[in-house]
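For reference, the structure is listed below as structure tokens.
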Amino acid sequence: MKSSDIRRAFVEFFAERGHVQVPSSSLIPTDPTVLLTTAGMQQMVPFFLGLERPPHTRLTSIQKCFRTVDIDEVGDESHLTFFEMLGNFSVGDYFKAEAISWAWEFLTERLGIPAERWYPTVHPDDAFSYQYWRDVIGVPPERIFTLEDNWWGPVGATGPNGPDSEIHYDRGPEFGCGRPTCGPGCDCGRFLETWNLVFMEFYREADGTQRPLPRKNIDTGMGLERISLIMQGVDSVFETDLFYPILTEAASIAGVRYKEDRRVDRSLRVMADHARGVVFLVGDGVFPSNEGRGYVLRRVLRRAVRHGRLLGIERPFLGRLADVVIELFSLYYPNLAEQRERIHRVIAHEEEHFQRTLATGLARFETVVDEVQRSGERVIPGDEAFRLYDTFGFPLELTEELAREAGLTVDREGFQRALERQRQASRVSMGRFADTQRQRAAFYAQFAGRPTEFVGYEQLSSEAEVLGILGIDERRQEALAGEEVEVILDRTPFYGESGGQVGDTGELRAETGVFMVQDTQRPTPDLIVHRGKVREGYIRVGQRVFAMVDADRRAAIRRNHTATHLLHAALRRVLGAHAAQAGSLVAPDRLRFDFAHQEAVRPAQLREIEELVNEQIVRDQPVEVAHRPLREALAQGAIALFGEKYGEIVRVVSIAEFSTELCGGTHVRHTGEIGYFLILDETSVASGIRRIEAVTGPAAVRAARRMVDLATEAAQLLHVPVERLPEQVGRFQQLIREQEREIARLSAELAVERVAPLVEAADRVDGFRIISTRIEVSSLDVLRRLGDRLRERIGSGVVILGTAIDDRPTILAMATRDAVERGVHAGRVVQVAAPVLGGRGGGRPDVAQGGGADASRLDEALAVARAEAERQLRGEMTR
């Protein structure tokens, strides 16, 4: 049975039993504290916790998932990063009996797998499930196993949890270990865990007590790859139709065959798995970076490239594998085909960048391994691991994998210390109330039936009732002066942070006190939370308060938010439709806009973008808001943000015919209210992602005034009109360059005098002089001038000079004409010596230069270079 048939059979089976299929959610979770989507139940959590109303109490999905815990194990026949999970869910509807019965029916009747191949497992305390498997389903007791780890839930944390029942497939004794105790849970591989049925019936409190849930839930998950392995009768998931086309394409690129060499097979499996993961991550909007999910993407992509290099592939290849992945999965995930061009651009940029440093990085790693082994140690220093990370782009985990292959380990703590030194910033606390939605979900769920009415589009103040006060770890009836709490109102003009727009600040005034709102958050779609401190008196639940937003701050935010829409439209006009939003910050003092673009925006383009925005501001265009059905809005050209969740009815913000976007934020009524728009900076924040920072209104005027003042001051210092400032600066730059050249010439002459005794004392090899020495100079220009002078003085021979400038070592080799005719080649001298420094070099027969990263080995490199020059003068071949 093809995987496509399994997909269809699963969905149809549960649809016949009253389940509604929900589409797979993005690999980027809505919970900012969760790195990636790892299970089908993640999008069900708000339903299970009562934070949101589900579309139905019976749901089913085929969820794309990505797990990072086993990345280093990928390459064997079982571990994966990206996979798809078939799941059925009950939100307070059916429970254990139905979940077990339907799973059994699907496996044995719908798929036709013999019943005797299945072995259920249950938790020792779950008597119901054991008896149900034995008495109702009819599984013999000897095929039902009790395992202590058959319990699902967050370890040591609060949240829903409960026992689970796993269904294992017996692949046959030929896959087993032969031990009498072999069974489900044995690590030999004979028994394949295929389907996990989770019975969520408890809620673990902060003190560890288990509270029975009033509505019990079902969460099941079955890996599509594993059930495909069973139905297709193959030895591993990599031989199913979900992997094999990718694997064979990788083998074709490398010119190898699968299942002929174990090490080749491992690399092919890594390339196939990681290609799937990379395509789906990029397709869902992840970009390579050194933090978070972007780091995961970078890590698996570069690991795939490294394994391609092990198979002899030295050119980019992931694009070809990406095309196979897209062809295999775009029927089920249309965004892959729609994003094909962007996926290719992101992958190509990252792969080519890493390919440029991979060879030199591997050479440096081999040097480090040699040094560690010669010293009798077994640990690669953290500073060296960090150098591989910082200079050559090696993720720490890649260095650890290479180290394991060499029988070594890596000093992780030393690496982290080096990383922290580079960042030069301590971790900043998010504040006492910056807990995640999941950590505080139990609190917020208590208000699920009382959604906050937001009135802030039309007004900046309103009366409201205090529905709840939340402390750090408790629900309270009142809060006193000086106490920090969260306040929940029945209605509010305060905008809760979302869509890139920061939350409002202001105050709540009650008859008995004043509460300063320092931040406003939206932990669930229907709940707005006011965080802050009681400034005077006290406030109580049930009180009426007068809620007042900081009007000036909100006005600045509105200006910046509307300007962000104008900027987005201008970027798409100037750079192209690919310049889509990848993130934003709308704050009162500035706006920050991230967008997809592979190269720096040219100054002329920035001017054009800025002029387009200001042109719309001067025209004082009306900013219109309308509510339309999602399909209608998109059909009319409204821009929706990739990965954002929208309801059936959406809020559309339009600015004449210049910009139309789906947006829930606050905006000015006419563009003229923005006043003035000024771009401050344009930078890169990640591979393929650029960032523009800008200001508007009074802040833009102040920034422009500062620029004028600085230009005026500089012009006065240089005694020229402002309009001639660039010309005068250019003249001074030219003068400085000339003076630097003269300084370099004089420095070289002084250096020659310092080393003059070396000329007389130089050793001779068959009549040729050799000078090989370390010298302190201020620049490479001085080093080259010094080399020229010494070559002139020795008449016949070779000059080899070494120096370290800013802790970066350099070797220079020069040969006289007759030495070259004798067979000396300065380029080969440097080629032999530079790897000692962890680098490379080369050049002409008469002059060559090389360098590296390890200044501590400069003397050793000079000795190697001298020995090579002597061999060449004697006519000996380099070994």
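Within each chain, counting starts at residue 1; across the structure tokens, chains are named A, B, ... in the order shown, with ligands numbered 1 upward in that order.
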| All helix (DSSP H, G or I) residues (DSSP, backbone) inside segment 303-401 of chain A, as a PyMOL selection string | chain A and resi 303-310+318-329+334-338+340-374+382-392+396-401
| query | Glu397 of chain A: which residues within 12 Å, counting only C-alpha atoms, same-chain residues fewer than 6 positions away excluded, as a list in words? | reply | Thr68, Val69, Asp70, Ile71, Asp72, Glu73, Tyr295, Val296, Arg298, Arg299, Val300, Arg302, Arg303, Ala385, Phe386, Leu388, Tyr389, Ala403, Arg404, Thr409, Val410, Asp411, Arg412 and Phe415 of chain A
| field | Surrounding residues of Arg774 of chain A excluding itself and chain neighbours under 5 positions, 6 Å, only C-alpha atoms, as a PyMOL selection string | value | chain A and resi 801-803
Selection from above, all heavy atoms, as an mmCIF file, in the first residue's frame, can you write it?
data_model
loop_
_atom_site.group_PDB
_atom_site.id
_atom_site.type_symbol
_atom_site.label_atom_id
_atom_site.label_comp_id
_atom_site.auth_asym_id
_atom_site.auth_seq_id
_atom_site.Cartn_x
_atom_site.Cartn_y
_atom_site.Cartn_z
ATOM 1 N N LEU A 801 59.534 35.649 5.922
ATOM 2 C CA LEU A 801 59.200 36.490 7.064
ATOM 3 C C LEU A 801 57.846 36.074 7.640
ATOM 4 O O LEU A 801 56.920 35.762 6.897
ATOM 5 C CB LEU A 801 59.152 37.963 6.657
ATOM 6 C CG LEU A 801 60.424 38.557 6.047
ATOM 7 C CD1 LEU A 801 60.174 39.998 5.622
ATOM 8 C CD2 LEU A 801 61.581 38.476 7.036
ATOM 9 N N GLY A 802 57.765 36.115 8.968
ATOM 10 C CA GLY A 802 56.505 35.819 9.635
ATOM 11 C C GLY A 802 56.143 36.923 10.604
ATOM 12 O O GLY A 802 57.013 37.507 11.251
ATOM 13 N N THR A 803 54.847 37.193 10.693
ATOM 14 C CA THR A 803 54.386 38.220 11.625
ATOM 15 C C THR A 803 52.968 37.885 12.067
ATOM 16 O O THR A 803 52.282 37.077 11.433
ATOM 17 C CB THR A 803 54.417 39.612 10.977
ATOM 18 O OG1 THR A 803 54.199 40.603 11.988
ATOM 19 C CG2 THR A 803 53.331 39.760 9.918
#
| said: Using only C-alpha atoms, which protein or nucleic acid residues come within 12 Å of Glu611 of chain A? Drop anything in the same chain fewer than 5 positions from it, and give the result as a list in words. | reply: Leu566, Leu567, Ala570, Leu571, Val574, Ala604, Gln605, Leu606, Gln616, Ile617, Val618, Tyr676, Phe677, Leu678 and Ile679 of chain A
Atoms kept (N, CA and C atoms) for selection, written as a short mmCIF file (atom, residue, chain, number, x, y, z; two decimals), in the first residue's frame:
data_model
loop_
_atom_site.label_atom_id
_atom_site.label_comp_id
_atom_site.auth_asym_id
_atom_site.auth_seq_id
_atom_site.Cartn_x
_atom_site.Cartn_y
_atom_site.Cartn_z
N LEU A 566 2.99 50.93 4.53
CA LEU A 566 3.49 51.67 3.37
C LEU A 566 4.87 51.17 2.96
N LEU A 567 5.71 50.91 3.95
CA LEU A 567 7.06 50.41 3.67
C LEU A 567 6.99 49.05 2.97
N ALA A 570 6.00 49.57 -0.58
CA ALA A 570 7.10 50.19 -1.34
C ALA A 570 8.20 49.19 -1.63
N LEU A 571 8.52 48.35 -0.67
CA LEU A 571 9.55 47.32 -0.88
C LEU A 571 9.16 46.38 -2.02
N VAL A 574 9.63 48.20 -5.37
CA VAL A 574 11.01 48.49 -5.78
C VAL A 574 11.83 47.21 -5.95
N ALA A 604 20.45 53.67 -3.69
CA ALA A 604 19.47 54.29 -4.60
C ALA A 604 18.09 53.67 -4.40
N GLN A 605 18.05 52.37 -4.16
CA GLN A 605 16.76 51.72 -3.91
C GLN A 605 16.16 52.17 -2.60
N LEU A 606 17.00 52.34 -1.56
CA LEU A 606 16.49 52.82 -0.29
C LEU A 606 15.88 54.21 -0.43
N GLN A 616 3.15 58.97 -0.34
CA GLN A 616 1.82 58.59 0.14
C GLN A 616 1.43 59.39 1.38
N ILE A 617 2.41 59.74 2.21
CA ILE A 617 2.13 60.55 3.40
C ILE A 617 1.68 61.95 2.98
N VAL A 618 2.39 62.55 2.04
CA VAL A 618 2.06 63.92 1.58
C VAL A 618 0.67 63.95 0.95
N TYR A 676 6.27 62.32 8.66
CA TYR A 676 7.51 62.16 7.89
C TYR A 676 8.07 60.77 8.19
N PHE A 677 8.63 60.13 7.20
CA PHE A 677 9.19 58.78 7.31
C PHE A 677 10.67 58.84 6.94
N LEU A 678 11.52 58.28 7.81
CA LEU A 678 12.97 58.33 7.58
C LEU A 678 13.59 56.96 7.88
N ILE A 679 14.28 56.39 6.90
CA ILE A 679 14.99 55.13 7.10
C ILE A 679 16.32 55.40 7.79
#
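Each of A:Asn290, A:Gln446, A:Gln734, A:Thr773 was checked against Ile469 of chain A using only C-alpha atoms; the smallest atom-to-atom distance is that of A:Gln446.
Those residues that approach Ala711 of chain A to within 10 Å, counting only C-alpha atoms, are Arg705, Leu717, Pro721, Val722, Glu723 and Leu725 of chain A; same-chain residues fewer than 6 positions away are not listed.
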| request: Just the strand (DSSP E) stuff from segment 103-286 of chain A, please, per backbone DSSP, written as number ranges by chain. | output: A: 118-122, 145-146, 151-152, 159-170, 191-204, 210-223
Give me the residues near Ala834 of chain A as a compact mmCIF listing (two decimals) with all heavy atoms, in the first residue's frame, where near means some atom within 7 Å (using only C-alpha atoms) and where sequence neighbours in that chain fewer than 6 positions away do not count.
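Full text of part-v5.txt as output:
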# COMPACT_ATOMS: atom_id res chain seq x y z
N ARG A 840 45.80 28.65 4.61
CA ARG A 840 46.35 28.26 3.33
C ARG A 840 46.98 29.48 2.68
O ARG A 840 46.84 30.61 3.17
CB ARG A 840 45.27 27.69 2.42
CG ARG A 840 44.11 28.65 2.16
CD ARG A 840 43.04 28.00 1.32
NE ARG A 840 41.91 28.90 1.12
CZ ARG A 840 40.82 28.58 0.43
NH1 ARG A 840 40.72 27.39 -0.12
NH2 ARG A 840 39.84 29.44 0.29
N GLY A 841 47.68 29.28 1.57
CA GLY A 841 48.32 30.39 0.88
C GLY A 841 48.92 29.93 -0.42
O GLY A 841 48.81 28.77 -0.81
N GLY A 850 50.78 33.66 2.73
CA GLY A 850 49.76 32.80 3.31
C GLY A 850 49.48 33.19 4.74
O GLY A 850 50.22 33.97 5.35
N GLY A 851 48.41 32.64 5.27
CA GLY A 851 48.05 32.98 6.65
C GLY A 851 47.15 31.93 7.24
O GLY A 851 46.87 30.90 6.63
N GLY A 852 46.69 32.17 8.43
CA GLY A 852 45.82 31.23 9.13
C GLY A 852 45.20 31.87 10.34
O GLY A 852 45.06 33.09 10.41
N ALA A 861 55.63 27.21 11.81
CA ALA A 861 55.37 27.38 10.38
C ALA A 861 56.59 27.93 9.66
O ALA A 861 56.90 27.53 8.53
CB ALA A 861 54.17 28.30 10.18
| field | Glu341 of chain A environment, 12 Å, only C-alpha atoms, sequence neighbours closer than 4 positions dropped, as a PyMOL selection string | value | chain A and resi 279+282-283+319+322-323+326+335-337+345-348+578
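Using only C-alpha atoms for every distance, the candidate list A:Leu460, A:Val765, A:Val11, A:Leu746 yields A:Leu746 as the residue closest to Val777 of chain A.
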| query | Between A:Val759, A:Ala579, A:Ala563, A:Ile100, which is the closest to Gly688 of chain A once you count only C-alpha atoms? | reply | A:Ala579
